[in-house]
>>> print(open('run-v3.cif').read())   # mmCIF, C-alpha atoms
data_input
#
loop_
_atom_site.group_PDB
_atom_site.id
_atom_site.type_symbol
_atom_site.label_atom_id
_atom_site.label_comp_id
_atom_site.auth_asym_id
_atom_site.auth_seq_id
_atom_site.Cartn_x
_atom_site.Cartn_y
_atom_site.Cartn_z
ATOM 1 C CA MET A 20 -33.264 49.266 -69.215
ATOM 2 C CA CYS A 21 -35.699 52.219 -69.259
ATOM 3 C CA ARG A 22 -33.530 55.245 -69.975
ATOM 4 C CA ASP A 23 -36.374 57.773 -69.560
ATOM 5 C CA LEU A 24 -37.625 56.468 -66.202
ATOM 6 C CA THR A 25 -37.180 59.126 -63.475
ATOM 7 C CA SER A 26 -39.052 57.730 -60.443
ATOM 8 C CA VAL A 27 -40.203 54.305 -59.256
ATOM 9 C CA THR A 28 -42.540 53.305 -56.428
ATOM 10 C CA ILE A 29 -42.738 49.548 -55.954
ATOM 11 C CA PRO A 30 -46.320 48.456 -55.072
ATOM 12 C CA SER A 31 -46.946 46.597 -51.809
ATOM 13 C CA SER A 32 -48.012 43.491 -53.732
ATOM 14 C CA ILE A 33 -44.358 42.883 -54.739
ATOM 15 C CA VAL A 34 -42.268 40.576 -52.527
ATOM 16 C CA THR A 35 -39.213 39.946 -54.725
ATOM 17 C CA ILE A 36 -37.012 42.219 -56.845
ATOM 18 C CA GLY A 37 -34.750 40.260 -59.162
ATOM 19 C CA ASP A 38 -31.135 40.807 -60.188
ATOM 20 C CA GLU A 39 -30.452 43.975 -62.217
ATOM 21 C CA ALA A 40 -34.148 44.920 -62.168
ATOM 22 C CA PHE A 41 -33.434 48.593 -62.921
ATOM 23 C CA TYR A 42 -30.111 48.073 -64.649
ATOM 24 C CA ASP A 43 -28.778 51.164 -66.447
ATOM 25 C CA CYS A 44 -31.849 53.340 -65.856
ATOM 26 C CA ILE A 45 -29.660 56.407 -66.227
ATOM 27 C CA SER A 46 -32.454 58.977 -65.680
ATOM 28 C CA LEU A 47 -33.810 57.388 -62.504
ATOM 29 C CA ARG A 48 -33.708 59.917 -59.638
ATOM 30 C CA SER A 49 -35.619 58.153 -56.833
ATOM 31 C CA ILE A 50 -36.884 54.713 -55.904
ATOM 32 C CA THR A 51 -39.260 53.629 -53.118
ATOM 33 C CA ILE A 52 -39.237 50.025 -51.924
ATOM 34 C CA PRO A 53 -41.974 48.908 -49.485
ATOM 35 C CA GLU A 54 -41.780 46.601 -46.474
ATOM 36 C CA SER A 55 -43.612 43.877 -48.435
ATOM 37 C CA VAL A 56 -40.388 43.190 -50.364
ATOM 38 C CA THR A 57 -38.517 40.369 -48.630
ATOM 39 C CA SER A 58 -35.919 39.552 -51.285
ATOM 40 C CA ILE A 59 -33.695 41.919 -53.275
ATOM 41 C CA GLY A 60 -31.348 40.607 -55.957
ATOM 42 C CA ASN A 61 -27.857 41.763 -56.841
ATOM 43 C CA ARG A 62 -27.152 45.013 -58.676
ATOM 44 C CA ILE A 63 -30.794 46.077 -58.915
ATOM 45 C CA ILE A 64 -29.836 49.756 -59.369
ATOM 46 C CA TYR A 65 -26.542 49.073 -61.153
ATOM 47 C CA GLY A 66 -25.725 51.811 -63.649
ATOM 48 C CA CYS A 67 -28.377 54.214 -62.286
ATOM 49 C CA ASN A 68 -25.841 57.037 -62.184
ATOM 50 C CA GLY A 69 -28.452 59.771 -61.695
ATOM 51 C CA LEU A 70 -30.054 58.155 -58.643
ATOM 52 C CA GLU A 71 -30.240 60.625 -55.737
ATOM 53 C CA SER A 72 -32.573 59.060 -53.157
ATOM 54 C CA ILE A 73 -33.850 55.710 -51.896
ATOM 55 C CA PHE A 74 -37.018 55.598 -49.779
ATOM 56 C CA GLY A 75 -38.693 52.939 -47.642
ATOM 57 C CA PRO A 76 -37.688 50.730 -44.707
ATOM 58 C CA TYR A 77 -34.554 49.485 -46.503
ATOM 59 C CA ALA A 78 -33.097 52.962 -47.028
ATOM 60 C CA SER A 79 -30.306 54.319 -44.842
ATOM 61 C CA GLU A 80 -31.013 57.460 -42.823
ATOM 62 C CA ASP A 81 -29.460 59.683 -45.491
ATOM 63 C CA HIS A 82 -31.500 57.875 -48.194
ATOM 64 C CA ARG A 83 -28.316 56.973 -50.028
ATOM 65 C CA LEU A 84 -27.875 53.238 -49.318
ATOM 66 C CA LEU A 85 -30.161 50.296 -49.977
ATOM 67 C CA VAL A 86 -29.658 47.898 -47.056
ATOM 68 C CA MET A 87 -31.445 44.596 -46.400
ATOM 69 C CA ASP A 88 -30.556 42.331 -43.475
ATOM 70 C CA GLY A 89 -27.292 44.196 -42.935
ATOM 71 C CA GLU A 90 -26.216 43.911 -46.575
ATOM 72 C CA VAL A 91 -25.678 46.900 -48.853
ATOM 73 C CA LYS A 92 -27.426 46.072 -52.126
ATOM 74 C CA GLY A 93 -26.871 49.385 -53.898
ATOM 75 C CA ILE A 94 -26.366 53.115 -53.619
ATOM 76 C CA ALA A 95 -27.822 56.413 -54.816
ATOM 77 C CA ASP A 96 -24.525 58.209 -55.339
ATOM 78 C CA HIS A 97 -25.370 61.086 -57.658
ATOM 79 C CA GLY A 98 -23.528 64.151 -56.308
ATOM 80 C CA LEU A 99 -22.018 62.187 -53.409
ATOM 81 C CA SER A 100 -18.319 62.833 -52.671
ATOM 82 C CA THR A 101 -17.918 60.834 -49.437
ATOM 83 C CA CYS A 102 -19.916 57.712 -48.651
ATOM 84 C CA ILE A 103 -20.360 56.955 -44.947
ATOM 85 C CA VAL A 104 -21.540 53.398 -44.341
ATOM 86 C CA PRO A 105 -23.645 53.129 -41.121
ATOM 87 C CA ASP A 106 -22.825 50.824 -38.223
ATOM 88 C CA ASN A 107 -25.771 48.502 -38.910
ATOM 89 C CA VAL A 108 -24.099 47.255 -42.106
ATOM 90 C CA THR A 109 -22.237 43.948 -41.908
ATOM 91 C CA HIS A 110 -21.959 43.012 -45.568
ATOM 92 C CA ILE A 111 -21.147 44.874 -48.814
ATOM 93 C CA GLY A 112 -22.914 43.011 -51.606
ATOM 94 C CA PHE A 113 -21.675 41.896 -55.007
ATOM 95 C CA SER A 114 -20.786 44.967 -57.139
ATOM 96 C CA ALA A 115 -22.779 47.098 -54.658
ATOM 97 C CA PHE A 116 -20.657 50.212 -55.282
ATOM 98 C CA ALA A 117 -19.372 49.384 -58.773
ATOM 99 C CA TYR A 118 -19.053 52.385 -61.099
ATOM 100 C CA CYS A 119 -19.833 54.836 -58.277
ATOM 101 C CA SER A 120 -18.554 58.407 -58.443
ATOM 102 C CA PHE A 121 -17.613 59.172 -54.807
ATOM 103 C CA SER A 122 -13.956 59.889 -54.000
ATOM 104 C CA SER A 123 -13.817 58.424 -50.484
ATOM 105 C CA ILE A 124 -15.713 55.976 -48.303
ATOM 106 C CA ILE A 125 -15.731 55.223 -44.583
ATOM 107 C CA LEU A 126 -16.380 51.602 -43.638
ATOM 108 C CA PRO A 127 -17.275 50.729 -40.021
ATOM 109 C CA GLU A 128 -15.800 47.825 -38.058
ATOM 110 C CA SER A 129 -19.234 46.185 -38.235
ATOM 111 C CA VAL A 130 -18.521 45.193 -41.852
ATOM 112 C CA THR A 131 -17.206 41.627 -41.946
ATOM 113 C CA GLU A 132 -17.640 40.756 -45.617
ATOM 114 C CA ILE A 133 -17.039 42.581 -48.902
ATOM 115 C CA GLU A 134 -18.149 40.637 -51.966
ATOM 116 C CA GLY A 135 -16.377 40.525 -55.314
ATOM 117 C CA GLY A 136 -16.390 43.585 -57.533
ATOM 118 C CA ALA A 137 -17.875 45.692 -54.731
ATOM 119 C CA PHE A 138 -15.870 48.804 -55.700
ATOM 120 C CA SER A 139 -14.796 47.940 -59.235
ATOM 121 C CA HIS A 140 -14.603 50.826 -61.703
ATOM 122 C CA CYS A 141 -15.063 53.480 -59.006
ATOM 123 C CA LEU A 142 -13.081 55.865 -61.152
ATOM 124 C CA ASN A 143 -12.962 58.715 -58.606
ATOM 125 C CA LEU A 144 -12.164 56.684 -55.495
ATOM 126 C CA GLU A 145 -8.883 57.981 -54.039
ATOM 127 C CA SER A 146 -8.529 56.300 -50.659
ATOM 128 C CA ILE A 147 -9.795 53.320 -48.693
ATOM 129 C CA ILE A 148 -9.169 51.948 -45.210
ATOM 130 C CA ILE A 149 -10.205 48.308 -44.912
ATOM 131 C CA PRO A 150 -11.434 47.757 -41.328
ATOM 132 C CA ASN A 151 -9.795 45.090 -39.201
ATOM 133 C CA SER A 152 -13.056 43.128 -39.214
ATOM 134 C CA ILE A 153 -12.311 42.047 -42.824
ATOM 135 C CA THR A 154 -10.222 38.883 -43.262
ATOM 136 C CA LYS A 155 -10.532 38.447 -47.038
ATOM 137 C CA ILE A 156 -10.819 40.787 -50.005
ATOM 138 C CA GLU A 157 -12.697 38.979 -52.766
ATOM 139 C CA ASP A 158 -11.820 38.882 -56.481
ATOM 140 C CA TYR A 159 -11.850 42.179 -58.411
ATOM 141 C CA THR A 160 -13.042 44.195 -55.402
ATOM 142 C CA PHE A 161 -11.115 47.337 -56.410
ATOM 143 C CA SER A 162 -10.261 46.571 -60.031
ATOM 144 C CA ASN A 163 -10.068 49.585 -62.335
ATOM 145 C CA CYS A 164 -10.201 52.134 -59.507
ATOM 146 C CA ARG A 165 -7.889 54.321 -61.536
ATOM 147 C CA LYS A 166 -7.494 57.185 -59.032
ATOM 148 C CA LEU A 167 -7.023 54.939 -55.995
ATOM 149 C CA LYS A 168 -3.793 56.022 -54.348
ATOM 150 C CA ASP A 169 -4.001 55.388 -50.615
ATOM 151 C CA VAL A 170 -4.887 51.909 -49.354
ATOM 152 C CA VAL A 171 -4.663 50.670 -45.778
ATOM 153 C CA LEU A 172 -5.329 46.948 -45.490
ATOM 154 C CA SER A 173 -6.958 45.190 -42.548
ATOM 155 C CA ALA A 174 -4.494 43.992 -39.915
ATOM 156 C CA THR A 175 -6.349 40.641 -39.822
ATOM 157 C CA LEU A 176 -6.435 40.122 -43.605
ATOM 158 C CA THR A 177 -5.493 36.601 -44.727
ATOM 159 C CA GLU A 178 -6.197 36.709 -48.463
ATOM 160 C CA ILE A 179 -6.096 39.263 -51.276
ATOM 161 C CA GLY A 180 -8.336 37.994 -54.059
ATOM 162 C CA GLY A 181 -7.610 37.659 -57.757
ATOM 163 C CA GLY A 182 -7.588 40.909 -59.725
ATOM 164 C CA CYS A 183 -8.336 42.750 -56.496
ATOM 165 C CA PHE A 184 -6.359 45.907 -57.387
ATOM 166 C CA GLU A 185 -5.902 45.217 -61.086
ATOM 167 C CA GLN A 186 -5.412 48.395 -63.156
ATOM 168 C CA CYS A 187 -5.339 50.705 -60.151
ATOM 169 C CA GLU A 188 -2.986 52.863 -62.140
ATOM 170 C CA ASN A 189 -2.467 55.553 -59.478
ATOM 171 C CA LEU A 190 -1.553 53.179 -56.641
ATOM 172 C CA GLN A 191 2.068 53.856 -55.678
ATOM 173 C CA SER A 192 2.746 51.628 -52.683
ATOM 174 C CA ILE A 193 1.211 48.729 -50.818
ATOM 175 C CA ASP A 194 2.150 47.455 -47.371
ATOM 176 C CA ILE A 195 0.694 43.970 -47.026
ATOM 177 C CA PRO A 196 0.031 43.151 -43.347
ATOM 178 C CA ASN A 197 1.725 40.263 -41.604
ATOM 179 C CA SER A 198 -1.438 38.170 -41.572
ATOM 180 C CA VAL A 199 -1.869 37.677 -45.326
ATOM 181 C CA LYS A 200 -1.152 34.153 -46.533
ATOM 182 C CA LYS A 201 -2.354 34.337 -50.134
ATOM 183 C CA ILE A 202 -2.012 36.988 -52.842
ATOM 184 C CA GLY A 203 -4.336 36.042 -55.702
ATOM 185 C CA PHE A 204 -3.837 35.915 -59.462
ATOM 186 C CA HIS A 205 -3.492 39.317 -61.156
ATOM 187 C CA ALA A 206 -3.972 40.960 -57.736
ATOM 188 C CA PHE A 207 -1.862 44.015 -58.657
ATOM 189 C CA ASP A 208 -1.612 43.440 -62.399
ATOM 190 C CA ASP A 209 -1.079 46.579 -64.480
ATOM 191 C CA CYS A 210 -0.647 48.895 -61.502
ATOM 192 C CA ASN A 211 1.760 50.914 -63.579
ATOM 193 C CA SER A 212 2.524 53.545 -60.905
ATOM 194 C CA LEU A 213 3.256 51.001 -58.174
ATOM 195 C CA LYS A 214 6.750 51.711 -56.862
ATOM 196 C CA THR A 215 7.061 49.890 -53.544
ATOM 197 C CA VAL A 216 5.651 46.619 -52.223
ATOM 198 C CA ILE A 217 6.140 45.012 -48.809
ATOM 199 C CA ILE A 218 5.508 41.256 -48.676
ATOM 200 C CA PRO A 219 5.389 39.965 -45.070
ATOM 201 C CA GLU A 220 6.704 36.695 -43.696
ATOM 202 C CA SER A 221 3.152 35.316 -43.424
ATOM 203 C CA VAL A 222 2.736 34.988 -47.228
ATOM 204 C CA THR A 223 2.817 31.394 -48.509
ATOM 205 C CA SER A 224 1.257 31.748 -51.989
ATOM 206 C CA ILE A 225 1.410 34.301 -54.810
ATOM 207 C CA GLY A 226 -0.845 33.771 -57.835
ATOM 208 C CA SER A 227 -0.044 34.096 -61.522
ATOM 209 C CA ASN A 228 0.626 37.614 -62.823
ATOM 210 C CA ALA A 229 0.069 39.032 -59.325
ATOM 211 C CA PHE A 230 2.530 41.869 -59.989
ATOM 212 C CA SER A 231 2.775 41.742 -63.776
ATOM 213 C CA LYS A 232 3.112 44.955 -65.808
ATOM 214 C CA CYS A 233 4.082 46.977 -62.736
ATOM 215 C CA GLU A 234 6.554 48.963 -64.794
ATOM 216 C CA ALA A 235 7.372 51.580 -62.138
ATOM 217 C CA LEU A 236 8.474 49.117 -59.447
ATOM 218 C CA LYS A 237 11.567 50.348 -57.632
ATOM 219 C CA SER A 238 11.570 48.318 -54.425
ATOM 220 C CA ILE A 239 10.097 45.053 -53.177
ATOM 221 C CA ILE A 240 10.715 44.058 -49.572
ATOM 222 C CA VAL A 241 10.132 40.351 -48.923
ATOM 223 C CA ARG A 242 10.334 39.287 -45.280
ATOM 224 C CA VAL A 243 10.042 35.541 -45.940
ATOM 225 C CA GLU A 244 13.421 33.985 -45.131
ATOM 226 C CA ASN A 245 13.230 31.054 -47.549
ATOM 227 C CA PRO A 246 11.758 31.728 -51.024
ATOM 228 C CA ASN A 247 10.892 28.036 -51.298
ATOM 229 C CA ASP A 248 8.289 28.592 -48.578
ATOM 230 C CA ILE A 249 6.264 30.693 -51.037
ATOM 231 C CA TYR A 250 4.304 28.922 -53.760
ATOM 232 C CA MET A 251 4.830 31.006 -56.902
ATOM 233 C CA ASP A 252 2.417 30.529 -59.805
ATOM 234 C CA ILE A 253 3.567 31.441 -63.307
ATOM 235 C CA ASP A 254 4.575 34.927 -64.498
ATOM 236 C CA VAL A 255 4.221 36.650 -61.121
ATOM 237 C CA PHE A 256 6.384 39.583 -62.255
ATOM 238 C CA LYS A 257 5.918 39.311 -66.027
ATOM 239 C CA GLY A 258 6.408 42.673 -67.717
ATOM 240 C CA SER A 259 7.560 44.359 -64.509
ATOM 241 C CA ASN A 260 10.787 46.229 -63.982
ATOM 242 C CA THR A 261 12.983 43.406 -62.662
ATOM 243 C CA ASP A 262 16.125 44.924 -64.216
ATOM 244 C CA TYR A 263 15.970 48.065 -62.068
ATOM 245 C CA CYS A 264 13.709 47.119 -59.149
ATOM 246 C CA VAL A 265 15.668 46.319 -55.982
ATOM 247 C CA LEU A 266 14.565 43.132 -54.241
ATOM 248 C CA GLN A 267 15.235 43.378 -50.500
ATOM 249 C CA VAL A 268 15.242 40.139 -48.500
ATOM 250 C CA PRO A 269 16.187 39.046 -44.962
ATOM 251 C CA ALA A 270 19.858 38.962 -44.022
ATOM 252 C CA GLY A 271 21.272 35.548 -44.860
ATOM 253 C CA SER A 272 18.657 34.912 -47.583
ATOM 254 C CA VAL A 273 20.236 36.788 -50.485
ATOM 255 C CA ASP A 274 21.786 33.706 -52.095
ATOM 256 C CA LEU A 275 18.569 31.708 -51.693
ATOM 257 C CA TYR A 276 16.632 34.344 -53.636
ATOM 258 C CA ARG A 277 19.351 34.644 -56.266
ATOM 259 C CA ASN A 278 18.862 30.955 -57.043
ATOM 260 C CA ALA A 279 15.071 30.740 -56.712
ATOM 261 C CA PRO A 280 12.815 30.640 -59.810
ATOM 262 C CA GLN A 281 11.266 34.031 -60.674
ATOM 263 C CA TRP A 282 13.029 35.787 -57.797
ATOM 264 C CA ARG A 283 16.353 35.341 -59.559
ATOM 265 C CA ASP A 284 15.047 37.488 -62.428
ATOM 266 C CA PHE A 285 15.761 40.540 -60.287
ATOM 267 C CA LYS A 286 19.181 41.942 -61.159
ATOM 268 C CA SER A 287 19.608 43.555 -57.745
ATOM 269 C CA ILE A 288 18.948 41.431 -54.652
ATOM 270 C CA VAL A 289 20.157 42.825 -51.330
ATOM 271 C CA LYS A 290 19.465 42.389 -47.627
ATOM 272 C CA ILE A 291 16.753 44.488 -46.018
ATOM 273 C CA PRO A 292 18.236 47.611 -44.409
ATOM 274 C CA ASP A 293 17.535 47.800 -40.687
ATOM 275 C CA ALA A 294 15.507 51.014 -41.121
ATOM 276 C CA ALA A 295 13.048 49.277 -43.452
ATOM 277 C CA LEU A 296 11.996 46.813 -40.766
ATOM 278 C CA ASN A 297 9.859 49.424 -38.995
ATOM 279 C CA SER A 298 6.505 49.948 -40.755
ATOM 280 C CA LEU A 299 5.632 53.003 -38.596
ATOM 281 C CA GLU A 300 7.719 55.883 -39.944
ATOM 282 C CA ASN A 301 8.632 59.277 -38.543
ATOM 283 C CA TYR A 302 7.418 61.931 -40.908
ATOM 284 C CA ASP A 303 8.779 65.462 -41.196
ATOM 285 C CA ASP A 304 7.497 66.817 -44.511
ATOM 286 C CA CYS A 305 4.974 65.725 -47.088
ATOM 287 C CA ASP A 306 3.781 66.766 -50.540
ATOM 288 C CA ALA A 307 1.393 63.799 -50.739
ATOM 289 C CA THR A 308 -2.207 63.846 -49.514
ATOM 290 C CA ILE A 309 -2.523 63.159 -45.774
ATOM 291 C CA TYR A 310 -5.514 61.244 -44.368
ATOM 292 C CA ASP A 311 -6.668 60.585 -40.829
ATOM 293 C CA LEU A 312 -7.468 57.030 -39.696
ATOM 294 C CA ASN A 313 -11.068 57.485 -40.897
ATOM 295 C CA GLY A 314 -9.938 58.218 -44.443
ATOM 296 C CA MET A 315 -10.685 61.958 -44.313
ATOM 297 C CA THR A 316 -8.271 64.464 -45.869
ATOM 298 C CA VAL A 317 -6.128 66.388 -43.378
ATOM 299 C CA THR A 318 -4.789 69.846 -44.263
ATOM 300 C CA MET A 319 -3.183 70.695 -40.911
ATOM 301 C CA PRO A 320 -1.722 67.567 -39.260
ATOM 302 C CA GLN A 321 -1.114 67.713 -35.531
ATOM 303 C CA ASP A 322 2.161 66.900 -33.854
ATOM 304 C CA GLY A 323 2.278 63.411 -32.345
ATOM 305 C CA LYS A 324 -0.721 62.071 -34.286
ATOM 306 C CA ILE A 325 -0.832 59.048 -36.616
ATOM 307 C CA TYR A 326 -1.983 59.582 -40.205
ATOM 308 C CA ILE A 327 -2.137 57.687 -43.503
ATOM 309 C CA VAL A 328 0.177 58.715 -46.355
ATOM 310 C CA ASN A 329 0.647 56.688 -49.549
ATOM 311 C CA GLY A 330 -1.096 53.755 -47.907
ATOM 312 C CA LYS A 331 1.164 53.683 -44.847
ATOM 313 C CA LYS A 332 0.673 54.748 -41.249
ATOM 314 C CA ILE A 333 3.012 57.599 -40.346
ATOM 315 C CA TYR A 334 3.816 59.386 -37.104
ATOM 316 C CA TYR A 335 3.655 63.113 -37.688
ATOM 317 C CA ARG A 336 6.459 65.069 -36.055
ATOM 318 C CA ASN A 337 6.405 68.859 -36.292
#
>>> encode(input="run-v3.cif", output="structure tokens")
Amino acid sequence: MCRDLTSVTIPSSIVTIGDEAFYDCISLRSITIPESVTSIGNRIIYGCNGLESIFGPYASEDHRLLVMDGEVKGIADHGLSTCIVPDNVTHIGFSAFAYCSFSSIILPESVTEIEGGAFSHCLNLESIIIPNSITKIEDYTFSNCRKLKDVVLSATLTEIGGGCFEQCENLQSIDIPNSVKKIGFHAFDDCNSLKTVIIPESVTSIGSNAFSKCEALKSIIVRVENPNDIYMDIDVFKGSNTDYCVLQVPAGSVDLYRNAPQWRDFKSIVKIPDAALNSLENYDDCDATIYDLNGMTVTMPQDGKIYIVNGKKIYYRN
């Protein structure tokens, strides 16, 4: 931790850079890494909030990303509002973007793996579209992203890791795709603005405290016909608004949920209205932020186009 260091050029005699090598060098503005380096550890520029440029063969074309063998190892994000990850990236490394200041990021379909904590504590991040190439979101990937509001999950996702969206206090809704089997422990814990959740019929396991302290919950739609088909760990909804939140379940399953542990804590359990079965909504008017399918803000939506609003795909109708 050299707080006065402003520039680093790694000599060509170096072949390995260890974990957290330049951790919290808050004055560092540029770093040059030569071709002689064949191994780069995790979080080597973690906490270098003033870093503006990365140079050498492992730098992206815009000199913002540090990429080795297809894996993003770190970022120079000072002054960056939108991060565009290039198509040659296949892997987002452990905590690679943690504590970054950008408000949006575009991930290509080439990315097949996002390691744990990759976006944790990105306090300005407002929206994210997880590409369909991702099948698992690891533990704490988006924890403490306090401005995160719009999330579109991969259509091939099978698992949401523990603490994945913990303390995302601006997240208002989440539509879990019908491919997810497991929702991890504390996955949405303390998302105190979360109002609506859709749990698809594919889900077979929900971890402890997955939706605890979600005090604003108004509606949960569960499409699993038999609640006994879902393994429920302890305290899934502890501290959440089960007195006023409406639990909507398939027709013919109301009594099953009224007698099932944890689900029966909800005071209002009703059948899913027919209109709620369609995840693609017509959309006439909107005060919320509108995004295109690349995660970019849209100010003038076009008739007949599909956009993202509050984490859901909508069909815009003028």
>>> residues_around(input="run-v3.cif", residues="A:Phe256", least_positions_apart="6", cutoff="8 Å", atoms="all atoms listed in the file", output="list in words")
Asn228, Ala229, Phe230, Ser231, Lys232, Cys233 and Gln281 of chain A
>>> resolve_selection(input="run-v3.cif", expression="the PyMOL selection byres ((chain A and resi 174-177) around 7)", output="PyMOL selection string")
chain A and resi 151+153-155+172-173+178+196+198-201
>>> resolve_selection(input="run-v3.cif", expression="the PyMOL selection byres ((chain A and resi 31) around 10)", output="MDAnalysis selection string")
chainID A and resid 28:30 32:34 52:56
>>> closest_residue(input="run-v3.cif", among="A:Glu244, A:Asp38, A:Asp262, A:Asp169", to="A:Arg62", atoms="all atoms listed in the file")
A:Asp38
>>> closest_residue(input="run-v3.cif", among="A:Ser287, A:Ser192, A:Ser227, A:Ser114", to="A:Cys141", atoms="all atoms listed in the file")
A:Ser114
>>> residues_around(input="run-v3.cif", residues="A:Phe161", least_positions_apart="2", cutoff="6 Å", atoms="all atoms listed in the file", output="PyMOL selection string")
chain A and resi 138-139+159+164+183-184
